[in-house]
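Engineer: So I've got this file, input.txt, and it contains compact mmCIF, C-alpha atoms:
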```txt
# COMPACT_ATOMS: atom_id res chain seq x y z
CA MET I 1 0.00 0.00 0.00
CA ASN I 2 1.44 3.38 -0.98
CA ARG I 3 1.34 6.50 1.19
CA ILE I 4 -1.72 8.06 -0.46
CA ASP I 5 -3.76 4.87 -0.20
CA LEU I 6 -2.78 4.29 3.43
CA LEU I 7 -3.68 7.83 4.50
CA ALA I 8 -6.97 7.65 2.60
CA SER I 9 -7.82 4.32 4.24
CA LEU I 10 -7.18 5.77 7.71
CA ALA I 11 -9.91 8.35 7.02
CA SER I 12 -12.46 5.69 6.05
CA ASP I 13 -16.13 6.42 6.88
CA SER I 14 -15.42 10.09 7.69
CA ASN I 15 -18.30 12.50 7.09
CA ILE I 16 -16.08 15.42 6.05
CA LEU I 17 -12.34 14.95 5.52
CA LEU I 18 -10.03 17.98 5.41
CA ASP I 19 -6.62 17.56 3.75
CA VAL I 20 -4.30 20.49 4.53
CA GLY I 21 -1.48 20.82 2.00
CA CYS I 22 -3.51 18.65 -0.37
CA ASP I 23 -0.92 18.62 -3.19
CA HIS I 24 -3.11 17.77 -6.22
CA ALA I 25 -5.94 16.21 -4.11
CA TYR I 26 -4.95 12.58 -4.71
CA THR I 27 -5.59 11.58 -1.08
CA VAL I 28 -9.09 13.05 -0.80
CA ILE I 29 -10.05 11.63 -4.21
CA THR I 30 -8.89 8.15 -3.14
CA ALA I 31 -10.69 8.52 0.21
CA CYS I 32 -14.00 9.47 -1.44
CA LYS I 33 -13.73 6.84 -4.17
CA ASN I 34 -12.52 3.85 -2.17
CA TYR I 35 -13.03 4.42 1.57
CA ASN I 36 -16.59 5.66 2.04
CA VAL I 37 -15.64 9.25 2.86
CA LYS I 38 -18.82 11.22 2.20
CA LYS I 39 -17.37 14.69 1.55
CA ALA I 40 -13.92 16.27 1.54
CA ILE I 41 -12.09 19.58 1.49
CA ALA I 42 -8.75 19.95 -0.31
CA SER I 43 -6.78 22.89 1.06
CA ASP I 44 -3.44 24.35 0.03
CA ILE I 45 -1.55 27.60 0.55
CA ALA I 46 -0.32 27.74 -3.07
CA GLU I 47 -2.48 28.58 -6.07
CA GLY I 48 -0.60 26.25 -8.45
CA PRO I 49 -1.21 22.93 -6.62
CA LEU I 50 -4.78 24.03 -5.90
CA GLU I 51 -5.50 24.55 -9.60
CA VAL I 52 -4.14 21.07 -10.34
CA ALA I 53 -6.25 19.72 -7.46
CA LYS I 54 -9.40 21.31 -8.94
CA ALA I 55 -8.66 19.76 -12.35
CA ASN I 56 -8.08 16.33 -10.79
CA ILE I 57 -11.31 16.55 -8.78
CA ILE I 58 -13.31 17.42 -11.91
CA LYS I 59 -11.57 14.64 -13.86
CA SER I 60 -12.52 12.15 -11.13
CA GLY I 61 -16.17 13.27 -11.25
CA LEU I 62 -16.18 14.23 -7.56
CA GLU I 63 -16.70 18.00 -7.78
CA ASP I 64 -20.05 17.63 -5.97
CA ARG I 65 -18.31 15.97 -2.98
CA ILE I 66 -14.89 17.68 -2.81
CA LYS I 67 -14.36 21.43 -2.53
CA THR I 68 -11.08 23.33 -2.63
CA ILE I 69 -9.97 26.15 -0.33
CA LYS I 70 -6.86 28.33 -0.50
CA SER I 71 -5.66 28.53 3.08
CA ASP I 72 -2.55 29.01 5.18
CA GLY I 73 -2.86 25.86 7.26
CA LEU I 74 -6.36 25.91 8.77
CA LYS I 75 -6.55 29.69 9.15
CA GLN I 76 -8.98 30.30 6.26
CA VAL I 77 -10.93 27.05 6.74
CA GLU I 78 -14.37 27.90 8.14
CA ASP I 79 -16.13 24.67 7.09
CA ASP I 80 -16.80 21.93 9.59
CA PHE I 81 -14.89 18.62 9.33
CA ASP I 82 -14.46 15.53 11.48
CA THR I 83 -11.14 14.18 10.18
CA LEU I 84 -7.94 16.06 9.34
CA ILE I 85 -5.01 14.84 7.26
CA ILE I 86 -1.69 16.67 7.14
CA SER I 87 1.20 14.98 5.35
CA GLY I 88 4.14 15.63 3.08
CA MET I 89 5.80 18.31 5.22
CA GLY I 90 8.13 18.50 8.19
CA GLY I 91 6.90 17.73 11.69
CA LEU I 92 7.75 21.21 12.99
CA LEU I 93 5.56 22.79 10.31
CA ILE I 94 2.72 20.36 11.09
CA LYS I 95 3.04 21.24 14.79
CA ASP I 96 2.90 24.97 13.96
CA ILE I 97 -0.20 24.48 11.77
CA LEU I 98 -2.00 22.56 14.52
CA GLU I 99 -0.87 24.98 17.24
CA SER I 100 -2.06 28.06 15.35
CA SER I 101 -5.58 26.57 14.93
CA ILE I 102 -5.89 24.60 18.17
CA ASP I 103 -9.58 25.51 18.63
CA LYS I 104 -10.46 24.04 15.22
CA ILE I 105 -8.91 20.62 15.93
CA LYS I 106 -10.00 19.98 19.52
CA ASN I 107 -12.64 17.31 18.79
CA LYS I 108 -11.22 15.97 15.54
CA LYS I 109 -9.51 12.80 14.39
CA LEU I 110 -5.97 13.65 13.21
CA ILE I 111 -4.01 11.67 10.62
CA LEU I 112 -0.49 13.05 10.48
CA SER I 113 2.41 11.87 8.34
CA PRO I 114 5.44 14.14 8.67
CA ASN I 115 8.55 13.72 6.52
CA ARG I 116 10.71 14.17 9.65
CA ASP I 117 10.58 15.49 13.24
CA TYR I 118 8.12 12.84 14.41
CA TYR I 119 9.10 13.62 18.00
CA ASP I 120 7.77 17.18 17.77
CA VAL I 121 4.41 15.98 16.45
CA ARG I 122 3.99 13.36 19.18
CA LEU I 123 5.05 15.85 21.86
CA PHE I 124 2.45 18.34 20.61
CA LEU I 125 -0.27 15.66 20.72
CA THR I 126 0.75 14.62 24.23
CA ASN I 127 0.70 18.20 25.52
CA ASN I 128 -2.60 19.17 23.86
CA GLY I 129 -5.12 16.55 24.91
CA PHE I 130 -4.73 13.94 22.17
CA GLN I 131 -4.05 10.23 22.43
CA ILE I 132 -2.29 8.24 19.73
CA ILE I 133 -4.51 5.29 18.76
CA ASP I 134 -2.50 3.90 15.86
CA GLU I 135 0.80 4.31 14.03
CA TYR I 136 2.28 2.98 10.82
CA ALA I 137 5.86 2.74 9.55
CA PHE I 138 6.29 2.05 5.85
CA TYR I 139 8.35 2.60 2.73
CA ASP I 140 6.92 4.31 -0.34
CA LYS I 141 9.24 4.60 -3.36
CA SER I 142 12.16 3.63 -1.10
CA ILE I 143 11.49 6.51 1.31
CA PHE I 144 10.67 5.74 4.96
CA TYR I 145 7.55 7.35 6.41
CA GLU I 146 5.50 7.20 9.57
CA ALA I 147 1.80 7.93 10.00
CA ILE I 148 0.19 8.83 13.32
CA VAL I 149 -3.54 8.58 14.09
CA ALA I 150 -4.76 10.56 17.11
CA ILE I 151 -8.09 11.39 18.73
CA PRO I 152 -9.00 13.57 21.73
CA GLY I 153 -8.01 11.91 25.02
CA GLU I 154 -5.24 11.45 27.55
CA MET I 155 -2.31 9.04 27.37
CA ASN I 156 0.63 8.08 29.54
CA ILE I 157 3.70 8.09 27.34
CA THR I 158 7.44 7.94 28.02
CA GLU I 159 10.10 10.12 26.44
CA PHE I 160 11.35 7.08 24.51
CA GLU I 161 7.83 6.43 23.16
CA ILE I 162 7.49 10.08 22.09
CA LYS I 163 10.75 9.69 20.15
CA TYR I 164 9.96 6.42 18.40
CA GLY I 165 6.21 5.88 18.67
CA PRO I 166 4.30 4.07 21.43
CA ILE I 167 2.41 1.83 19.02
CA LEU I 168 5.28 1.38 16.55
CA LEU I 169 7.42 0.08 19.43
CA LYS I 170 4.73 -2.48 20.25
CA LYS I 171 3.99 -3.51 16.67
CA LYS I 172 7.62 -3.67 15.53
CA ASP I 173 6.50 -4.10 11.91
CA GLU I 174 8.99 -5.28 9.30
CA ASP I 175 9.54 -1.82 7.73
CA PHE I 176 10.03 -0.23 11.17
CA ILE I 177 12.64 -2.82 12.17
CA ASN I 178 14.36 -2.67 8.76
CA TYR I 179 14.66 1.12 8.98
CA TYR I 180 16.23 1.09 12.44
CA GLN I 181 18.51 -1.81 11.56
CA LYS I 182 19.86 0.30 8.69
CA GLN I 183 20.23 3.32 11.00
CA TYR I 184 21.98 1.20 13.61
CA ASP I 185 24.44 -0.25 11.07
CA LYS I 186 25.12 3.17 9.49
CA PHE I 187 25.80 5.00 12.76
CA ASN I 188 27.77 2.14 14.25
CA LYS I 189 30.06 2.28 11.22
CA ALA I 190 30.31 6.10 11.37
CA LEU I 191 31.23 5.99 15.07
CA LYS I 192 34.72 4.67 14.29
CA ASN I 193 35.62 7.81 12.34
CA ILE I 194 34.36 10.44 14.80
CA LYS I 195 37.00 12.20 16.86
CA LYS I 196 35.02 14.92 18.71
CA ILE I 197 33.93 13.69 22.16
CA GLU I 198 30.54 15.44 22.18
CA GLU I 199 29.65 14.18 18.68
CA LYS I 200 30.70 10.68 19.65
CA ASP I 201 28.63 10.77 22.87
CA ASN I 202 25.51 11.92 20.97
CA LEU I 203 25.93 9.18 18.38
CA GLU I 204 26.43 6.56 21.07
CA LEU I 205 23.14 7.63 22.68
CA LEU I 206 21.35 7.19 19.34
CA ILE I 207 22.95 3.79 18.80
CA ALA I 208 21.82 2.74 22.29
CA ASP I 209 18.25 3.80 21.38
CA TYR I 210 18.36 1.79 18.15
CA ARG I 211 19.74 -1.24 19.99
CA LYS I 212 16.82 -1.01 22.41
CA ILE I 213 14.35 -0.88 19.50
CA LEU I 214 15.93 -3.87 17.76
CA ASN I 215 15.98 -5.96 20.94
```
Show me this structure written as structure tokens.
Structural biologist:
Amino acid sequence: MNRIDLLASLASDSNILLDVGCDHAYTVITACKNYNVKKAIASDIAEGPLEVAKANIIKSGLEDRIKTIKSDGLKQVEDDFDTLIISGMGGLLIKDILESSIDKIKNKKLILSPNRDYYDVRLFLTNNGFQIIDEYAFYDKSIFYEAIVAIPGEMNITEFEIKYGPILLKKKDEDFINYYQKQYDKFNKALKNIKKIEEKDNLELLIADYRKILN
């Protein structure tokens, strides 16, 4: 399953799905076509991707179920929605988008797939009344991704789980283990060539984390 299909499937049976940073609207189209999502909103900050999204929506015959909105994050989104997808950008940017529209996401299901900085996303969720109910680690076109599903609620979570994912650490799926095995091997090899004490100490801490994951 590729990234678009996975994210769309995680929104299955939503009444109104909002995709922020929709990038051509492939995810919302897939969600409406294949996963019983009744209506959707495709939002993007840039006019170019939004125009392509509109054309793709019309081509798919879903213009009566999917609308487009030009918006900086959720700032210009006034429509109601029950599920939010944000993917394809860094975790710090996702955190900033959520933080700047905290009142709009309080009772929503969040599907988040950052390209990096997963820790910052999980920390935000932990500190803002969300509980992580599922996580996925996967490769798409040889690139490693994670997806986080969260709903309103409280959770007890350790610093280690915030770093690497409370559910991912339980599941230990093949792609998750493969990724951290590669990281472990790469950093272990690099360690031999590092002379600076502080750099070496930091790398050794990472290697210890990866060893813990793999065991």
Engineer: Take CA of Asp23 (chain I) and CA of Arg3 (chain I) and report the distance between them in Å, one decimal.
Structural biologist: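 Atom-to-atom, CA of Asp23 (chain I) to CA of Arg3 (chain I), that is 13.1 Å.
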Engineer: Give me the residues near region 165-173 of chain I as a list in words, where near means some atom within 9 Å (using all atoms listed in the file) and where sequence neighbours in that chain fewer than 6 positions away do not count.
Structural biologist: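 Residues meeting the cut-off are Tyr118, Tyr119, Arg122, Ile132, Ile133, Asp134, Glu135, Tyr136, Ala137, Phe138, Ile148, Ile157, Thr158, Ile213 and Leu214 of chain I.
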Engineer: By how many Å are CA of Leu123 (chain I) and CA of Asn2 (chain I) apart?
Structural biologist: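 If I compute the distance from CA of Leu123 (chain I) to CA of Asn2 (chain I), I get 26.3 Å.
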Engineer: Identify, on the basis of all atoms listed in the file, every residue whose closest approach to Asn128 (chain I) does not exceed 10 Å; exclude the query and any residue fewer than 3 positions from it along the same chain; express the result as a PyMOL selection string.
Structural biologist: chain I and resi 98-99+102+106+122-125+131+152-154
Engineer: What separation in Å, quoted to one decimal, exists between CA of Ala8 (chain I) and CA of Gly129 (chain I)?
Structural biologist: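 These atoms are spaced 24.1 Å apart.
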Engineer: Quick one: of I:Val20, I:Ile162, I:Ile207, I:Ala11, who's nearest to Ala46 (chain I), counting all atoms listed in the file?
Structural biologist: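 Under the stated criterion, the closest residue is I:Val20.
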